[in-house]
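Peer 1: Okay, here's the structure, questions in a sec.
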Amino acid sequence: MDLGIKGKRGLVCAASKGLGRGCAEALAEAGVNLVINSRTEADITATAREIAEKYGVEVTPVAADITTDEGRAKVLAALGQADILVTNAGGPPPGTWTDWNRDDFIKAIDSNMLSAIALMQALVPGMMQRGWGRVVNITSQSVRSPIAALGLSNTARAGLTGFVAGMSRQVAGQGVVVNNILPGIHATDRAISLDTGVSNQQGISMDEARKRREAGIPAGTYGMPEDFGATCAFLCSQQARFIIGQNILLDGGALNVTI
Ligand code: NAP
């Protein structure tokens, strides 16, 4: 399918690997010129070079922490204007609900709620003026069903989801389509770190930790960054113009819910 976005300009945050990289690759394949970001200079530079060579689009790497004001300023300066925005950042650490203090909550809210909102506030007005834009926020299945060990994620991402529910409907009339994708478990470094936690806690091997998690997924396996990226690119396509303020769950059927 031709997504109709060849030649558009996009920003994908936290994209040297994992789900962000999956999104960057799928958008590049659709012909989108990109600015991509993550903190480690060598990784983001190598990823940008590989994507540019593979798909023949312009890819500019920016090494910066997207959860800080300075990091976002650096990324936005390199970007200028954008037609497409994919927000993303690392997830918060696991723990139990009694563990976290105010600073922990502020850090999680900065990372997984306020940085996405700040990027939308910076870029969506320009999209509205030009009459076309697409935003995808990478959140988590924890928005639909809380994950006990990830209370910081449950909290911060619920806040972002509430914000998007309201603002997406205020910008749709100017051609800007804003949605969230909620990943269930995908085979990335984040999954390795979550499986390591389970393996240490329960005294089982990494293979066993993964097998046990896979047993709870009707599709039978972890998702891949490529699956995730394809959905992201579709939500950024011309064809997605009527999908407004939705939360698209990509979890292989893991949440046993009717809608
Ligand atoms: P990942 O494989 O660990 O990749 C994280 C990427 O983000 C890397 O490129 C990393 O590079 C970059 N990054 C991390 N913190 C950053 C920051 N502050 N500023 C800029 N770049 C940053 O993680 P993932 O699996 O793709 O997960 C992406 C998001 O989806 C996370 O918020 C995660 O919690 C959420 N999620 C993932 C899953 C899953 O199963 N994978 C499930 C639910 C939710 P640097 O370290 O070099 O910055």
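Residue numbering restarts at 1 for every chain of the structure tokens, chains are lettered A, B, ... in their displayed order, and ligands are numbered from 1 as they appear.
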Within 8 Å of ligand 1 (counting only C-alpha atoms and all ligand atoms), which residues show up? I'd like them as an MDAnalysis selection string.

Peer 2: chainID A and resid 13:21 37:41 43:44 63:68 71 88:92 111:112 138:142 153 182:191 222:223 225

Peer 1: Pick out each residue of region 5-245 of chain A that DSSP on the backbone tags as helix (DSSP H, G or I); I need them as JSON, numbers by chain.

Peer 2: {"A": [18, 19, 20, 21, 22, 23, 24, 25, 26, 27, 28, 29, 41, 42, 43, 44, 45, 46, 47, 48, 49, 50, 51, 52, 53, 54, 55, 69, 70, 71, 72, 73, 74, 75, 76, 77, 78, 79, 102, 103, 104, 105, 106, 107, 108, 109, 110, 111, 112, 113, 114, 115, 116, 117, 118, 119, 120, 121, 122, 123, 124, 125, 126, 127, 128, 129, 130, 141, 142, 143, 148, 149, 150, 151, 152, 153, 154, 155, 156, 157, 158, 159, 160, 161, 162, 163, 164, 165, 166, 167, 168, 169, 170, 171, 172, 173, 174, 189, 190, 191, 192, 193, 194, 195, 196, 197, 198, 199, 200, 201, 202, 206, 207, 208, 209, 210, 211, 212, 213, 214, 215, 225, 226, 227, 228, 229, 230, 231, 232, 233, 234, 235, 238, 239, 240, 241, 242]}

Peer 1: Based on DSSP run over this structure's backbone, return all residues of region 23-243 of chain A in strand (DSSP E), as a PyMOL selection string.

Peer 2: chain A and resi 33-38+59-63+84-87+133-138+176-183

Peer 1: Would you save the residues from that selection as a tab-separated table (two decimals), in the first residue's frame, using N, CA, C and O atoms?

Peer 2:
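Output contents, as saved in result_15.tsv:
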chain	number	residue	atom	x	y	z
A	33	ASN	N	11.68	11.68	5.20
A	33	ASN	CA	12.99	12.14	5.66
A	33	ASN	C	12.92	12.38	7.16
A	33	ASN	O	11.93	12.94	7.65
A	34	LEU	N	13.97	11.95	7.87
A	34	LEU	CA	13.84	11.87	9.32
A	34	LEU	C	14.93	12.61	10.09
A	34	LEU	O	16.08	12.69	9.64
A	35	VAL	N	14.54	13.10	11.27
A	35	VAL	CA	15.49	13.38	12.35
A	35	VAL	C	15.23	12.29	13.38
A	35	VAL	O	14.06	12.05	13.74
A	36	ILE	N	16.28	11.60	13.81
A	36	ILE	CA	16.10	10.58	14.85
A	36	ILE	C	16.98	10.92	16.04
A	36	ILE	O	18.03	11.55	15.88
A	37	ASN	N	16.54	10.49	17.20
A	37	ASN	CA	17.21	10.90	18.44
A	37	ASN	C	17.39	9.74	19.40
A	37	ASN	O	16.56	8.83	19.44
A	38	SER	N	18.50	9.74	20.11
A	38	SER	CA	18.67	8.98	21.35
A	38	SER	C	19.90	9.56	22.05
A	38	SER	O	20.53	10.49	21.52
A	59	VAL	N	18.45	11.07	6.80
A	59	VAL	CA	18.25	10.77	8.22
A	59	VAL	C	19.31	11.53	9.03
A	59	VAL	O	20.51	11.28	8.87
A	60	THR	N	18.87	12.47	9.86
A	60	THR	CA	19.79	13.28	10.67
A	60	THR	C	19.75	12.78	12.11
A	60	THR	O	18.68	12.78	12.74
A	61	PRO	N	20.90	12.34	12.65
A	61	PRO	CA	20.92	11.89	14.05
A	61	PRO	C	21.14	13.05	15.01
A	61	PRO	O	21.92	13.95	14.71
A	62	VAL	N	20.44	13.04	16.15
A	62	VAL	CA	20.71	14.04	17.19
A	62	VAL	C	20.85	13.31	18.52
A	62	VAL	O	19.88	12.71	19.02
A	63	ALA	N	22.06	13.37	19.10
A	63	ALA	CA	22.30	12.75	20.40
A	63	ALA	C	21.85	13.71	21.50
A	63	ALA	O	22.42	14.80	21.63
A	84	ILE	N	5.49	14.91	10.79
A	84	ILE	CA	5.22	13.68	11.55
A	84	ILE	C	6.07	13.70	12.82
A	84	ILE	O	7.25	14.05	12.78
A	85	LEU	N	5.45	13.33	13.95
A	85	LEU	CA	6.15	13.26	15.24
A	85	LEU	C	5.84	11.92	15.89
A	85	LEU	O	4.67	11.56	16.04
A	86	VAL	N	6.90	11.19	16.26
A	86	VAL	CA	6.73	9.97	17.05
A	86	VAL	C	7.44	10.21	18.38
A	86	VAL	O	8.66	10.37	18.42
A	87	THR	N	6.66	10.29	19.47
A	87	THR	CA	7.27	10.51	20.79
A	87	THR	C	7.58	9.17	21.45
A	87	THR	O	6.82	8.21	21.32
A	133	GLY	N	-0.80	16.93	9.59
A	133	GLY	CA	0.19	16.43	10.55
A	133	GLY	C	-0.22	15.09	11.10
A	133	GLY	O	-1.40	14.71	11.05
A	134	ARG	N	0.76	14.36	11.59
A	134	ARG	CA	0.50	13.05	12.21
A	134	ARG	C	1.38	12.94	13.46
A	134	ARG	O	2.59	13.23	13.40
A	135	VAL	N	0.79	12.51	14.57
A	135	VAL	CA	1.54	12.28	15.82
A	135	VAL	C	1.20	10.89	16.33
A	135	VAL	O	0.02	10.51	16.40
A	136	VAL	N	2.25	10.13	16.67
A	136	VAL	CA	2.07	8.84	17.34
A	136	VAL	C	2.87	8.89	18.64
A	136	VAL	O	4.07	9.19	18.62
A	137	ASN	N	2.20	8.63	19.76
A	137	ASN	CA	2.90	8.53	21.04
A	137	ASN	C	3.04	7.06	21.40
A	137	ASN	O	2.05	6.32	21.40
A	138	ILE	N	4.27	6.63	21.71
A	138	ILE	CA	4.48	5.26	22.17
A	138	ILE	C	4.23	5.23	23.67
A	138	ILE	O	4.93	5.89	24.44
A	176	VAL	N	-4.69	17.43	11.63
A	176	VAL	CA	-3.66	16.78	12.45
A	176	VAL	C	-4.27	15.58	13.19
A	176	VAL	O	-5.27	15.72	13.91
A	177	VAL	N	-3.65	14.44	12.97
A	177	VAL	CA	-4.16	13.16	13.49
A	177	VAL	C	-3.22	12.71	14.61
A	177	VAL	O	-2.02	12.50	14.37
A	178	VAL	N	-3.74	12.60	15.82
A	178	VAL	CA	-2.91	12.23	16.98
A	178	VAL	C	-3.45	10.94	17.61
A	178	VAL	O	-4.65	10.87	17.94
A	179	ASN	N	-2.60	9.94	17.76
A	179	ASN	CA	-2.98	8.66	18.35
A	179	ASN	C	-1.84	8.11	19.21
A	179	ASN	O	-0.69	8.56	19.10
A	180	ASN	N	-2.17	7.11	20.01
A	180	ASN	CA	-1.17	6.42	20.83
A	180	ASN	C	-1.10	4.96	20.41
A	180	ASN	O	-2.13	4.37	20.08
A	181	ILE	N	0.10	4.38	20.45
A	181	ILE	CA	0.22	2.93	20.30
A	181	ILE	C	0.67	2.36	21.65
A	181	ILE	O	1.61	2.87	22.27
A	182	LEU	N	-0.02	1.30	22.08
A	182	LEU	CA	0.23	0.69	23.39
A	182	LEU	C	0.93	-0.65	23.18
A	182	LEU	O	0.27	-1.66	22.86
A	183	PRO	N	2.27	-0.69	23.32
A	183	PRO	CA	2.93	-1.97	23.13
A	183	PRO	C	2.69	-2.93	24.30
A	183	PRO	O	2.77	-2.54	25.46

Peer 1: For Ile147 (chain A), please output as a VMD selection string all residues within 12 Å (counting only C-alpha atoms; exclusion window: fewer than 2 positions along the same chain).

Peer 2: chain A and resid 94 to 97 140 to 145 149 to 155 157 184 to 185 194 255

Peer 1: Save the residues we just selected, C-alpha atoms, as an mmCIF file, in the first residue's frame?

Peer 2:
data_model
loop_
_atom_site.group_PDB
_atom_site.id
_atom_site.type_symbol
_atom_site.label_atom_id
_atom_site.label_comp_id
_atom_site.auth_asym_id
_atom_site.auth_seq_id
_atom_site.Cartn_x
_atom_site.Cartn_y
_atom_site.Cartn_z
ATOM 1 C CA PRO A 94 10.187 -1.535 38.141
ATOM 2 C CA GLY A 95 9.394 -1.698 41.867
ATOM 3 C CA THR A 96 6.438 -1.886 44.238
ATOM 4 C CA TRP A 97 3.911 0.830 44.975
ATOM 5 C CA SER A 140 2.208 0.962 26.963
ATOM 6 C CA GLN A 141 -0.395 -1.735 27.502
ATOM 7 C CA SER A 142 -0.183 -0.568 31.145
ATOM 8 C CA VAL A 143 -2.644 2.170 30.126
ATOM 9 C CA ARG A 144 -5.358 -0.462 29.513
ATOM 10 C CA SER A 145 -4.362 -2.869 32.276
ATOM 11 C CA ALA A 149 5.753 -3.793 38.988
ATOM 12 C CA LEU A 150 5.501 -0.759 36.701
ATOM 13 C CA GLY A 151 3.450 1.643 38.819
ATOM 14 C CA LEU A 152 5.487 4.611 37.590
ATOM 15 C CA SER A 153 4.593 3.698 34.003
ATOM 16 C CA ASN A 154 0.919 3.088 34.901
ATOM 17 C CA THR A 155 0.775 6.580 36.381
ATOM 18 C CA ARG A 157 1.279 7.109 30.752
ATOM 19 C CA GLY A 184 2.587 -5.271 24.886
ATOM 20 C CA ILE A 185 5.795 -7.245 25.144
ATOM 21 C CA LEU A 194 12.139 -7.066 32.231
ATOM 22 C CA LEU A 255 -5.074 -8.523 27.469
#

Peer 1: Tell me which of A:Ala46, A:Ala24, A:Leu123, A:Leu11 sits closest to Thr231 (chain A), counting only C-alpha atoms.

Peer 2: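 Selected residue with least distance to Thr231 (chain A): A:Ala24.
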
Peer 1: Show which residues sit within 10 Å of Glu214 (chain A), as a ChimeraX atom specification. Count only C-alpha atoms, and ignore same-chain residues fewer than 5 positions away.

Peer 2: /A:185,208-209,219-222,252,254

Peer 1: Work out how far CA of Gly173 (chain A) is from CA of Lys6 (chain A), in Å to one decimal.

Peer 2: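 We find that CA of Lys6 (chain A) and CA of Gly173 (chain A) lie 22.8 Å from each other.
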
Peer 1: Need the shell around region 117-122 of chain A: protein/DNA/RNA residues with any atom at most 9 Å away, counting only C-alpha atoms. Skip same-chain ones fewer than 4 positions apart. Format as a PDB file with N, CA, C and O atoms, in the first residue's frame?

Peer 2:
ATOM      1  N   ASP A  69      14.725  19.700  28.962  1.00  0.00           N
ATOM      2  CA  ASP A  69      14.462  20.899  28.148  1.00  0.00           C
ATOM      3  C   ASP A  69      15.594  21.106  27.144  1.00  0.00           C
ATOM      4  O   ASP A  69      15.347  21.416  25.977  1.00  0.00           O
ATOM      5  N   ARG A  72      15.504  18.500  24.270  1.00  0.00           N
ATOM      6  CA  ARG A  72      14.437  18.778  23.289  1.00  0.00           C
ATOM      7  C   ARG A  72      14.795  20.000  22.448  1.00  0.00           C
ATOM      8  O   ARG A  72      14.539  20.021  21.241  1.00  0.00           O
ATOM      9  N   LEU A  76      14.865  19.963  18.446  1.00  0.00           N
ATOM     10  CA  LEU A  76      13.960  20.846  17.690  1.00  0.00           C
ATOM     11  C   LEU A  76      14.757  21.804  16.803  1.00  0.00           C
ATOM     12  O   LEU A  76      14.316  22.132  15.694  1.00  0.00           O
ATOM     13  N   LEU A  85       5.447  13.329  13.951  1.00  0.00           N
ATOM     14  CA  LEU A  85       6.147  13.256  15.236  1.00  0.00           C
ATOM     15  C   LEU A  85       5.843  11.917  15.889  1.00  0.00           C
ATOM     16  O   LEU A  85       4.666  11.558  16.037  1.00  0.00           O
ATOM     17  N   THR A  87       6.659  10.285  19.473  1.00  0.00           N
ATOM     18  CA  THR A  87       7.272  10.510  20.786  1.00  0.00           C
ATOM     19  C   THR A  87       7.577   9.171  21.452  1.00  0.00           C
ATOM     20  O   THR A  87       6.815   8.210  21.316  1.00  0.00           O
ATOM     21  N   MET A 113       5.454  11.435  30.158  1.00  0.00           N
ATOM     22  CA  MET A 113       4.248  12.248  29.957  1.00  0.00           C
ATOM     23  C   MET A 113       4.615  13.650  29.456  1.00  0.00           C
ATOM     24  O   MET A 113       4.292  14.025  28.334  1.00  0.00           O
ATOM     25  N   GLY A 126       2.454  24.205  14.157  1.00  0.00           N
ATOM     26  CA  GLY A 126       2.928  24.335  12.763  1.00  0.00           C
ATOM     27  C   GLY A 126       2.182  23.386  11.836  1.00  0.00           C
ATOM     28  O   GLY A 126       1.823  23.743  10.711  1.00  0.00           O
ATOM     29  N   VAL A 135       0.786  12.506  14.572  1.00  0.00           N
ATOM     30  CA  VAL A 135       1.536  12.277  15.819  1.00  0.00           C
ATOM     31  C   VAL A 135       1.202  10.885  16.331  1.00  0.00           C
ATOM     32  O   VAL A 135       0.020  10.510  16.397  1.00  0.00           O
ATOM     33  N   LEU A 160      -0.555  11.036  30.135  1.00  0.00           N
ATOM     34  CA  LEU A 160      -0.389  11.377  28.717  1.00  0.00           C
ATOM     35  C   LEU A 160      -1.637  10.989  27.923  1.00  0.00           C
ATOM     36  O   LEU A 160      -2.103  11.739  27.054  1.00  0.00           O
ATOM     37  N   PHE A 163      -4.347  13.521  28.346  1.00  0.00           N
ATOM     38  CA  PHE A 163      -4.042  14.743  27.586  1.00  0.00           C
ATOM     39  C   PHE A 163      -4.373  14.553  26.110  1.00  0.00           C
ATOM     40  O   PHE A 163      -5.037  15.385  25.484  1.00  0.00           O
ATOM     41  N   VAL A 164      -3.921  13.427  25.546  1.00  0.00           N
ATOM     42  CA  VAL A 164      -4.124  13.171  24.111  1.00  0.00           C
ATOM     43  C   VAL A 164      -5.616  13.026  23.787  1.00  0.00           C
ATOM     44  O   VAL A 164      -6.085  13.487  22.742  1.00  0.00           O
TER      45      VAL A 164
END

Peer 1: Between CA of Pro146 (chain A) and CA of Pro93 (chain A), what is the distance, to one decimal in Å?

Peer 2: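 CA of Pro93 (chain A) lies 14.6 Å from CA of Pro146 (chain A).
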
Peer 1: Hey, can you check how far CA of Ala28 (chain A) sits from CA of Asp110 (chain A)?

Peer 2: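 CA of Asp110 (chain A) lies 28.4 Å from CA of Ala28 (chain A).
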
Peer 1: I need the residue nearest Met1 (chain A) from this list: A:Ala233, A:Pro125, A:Thr258, A:Gly253. Use only C-alpha atoms for the distance.

Peer 2: A:Ala233

Peer 1: Calculated over only C-alpha atoms, which of the candidates A:Asn247, A:Gln129, A:Gln238, A:Ser199 has the smallest distance to Gly4 (chain A)?

Peer 2: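 Between A:Asn247, A:Gln129, A:Gln238, A:Ser199, the residue approaching Gly4 (chain A) most closely is A:Gln238.
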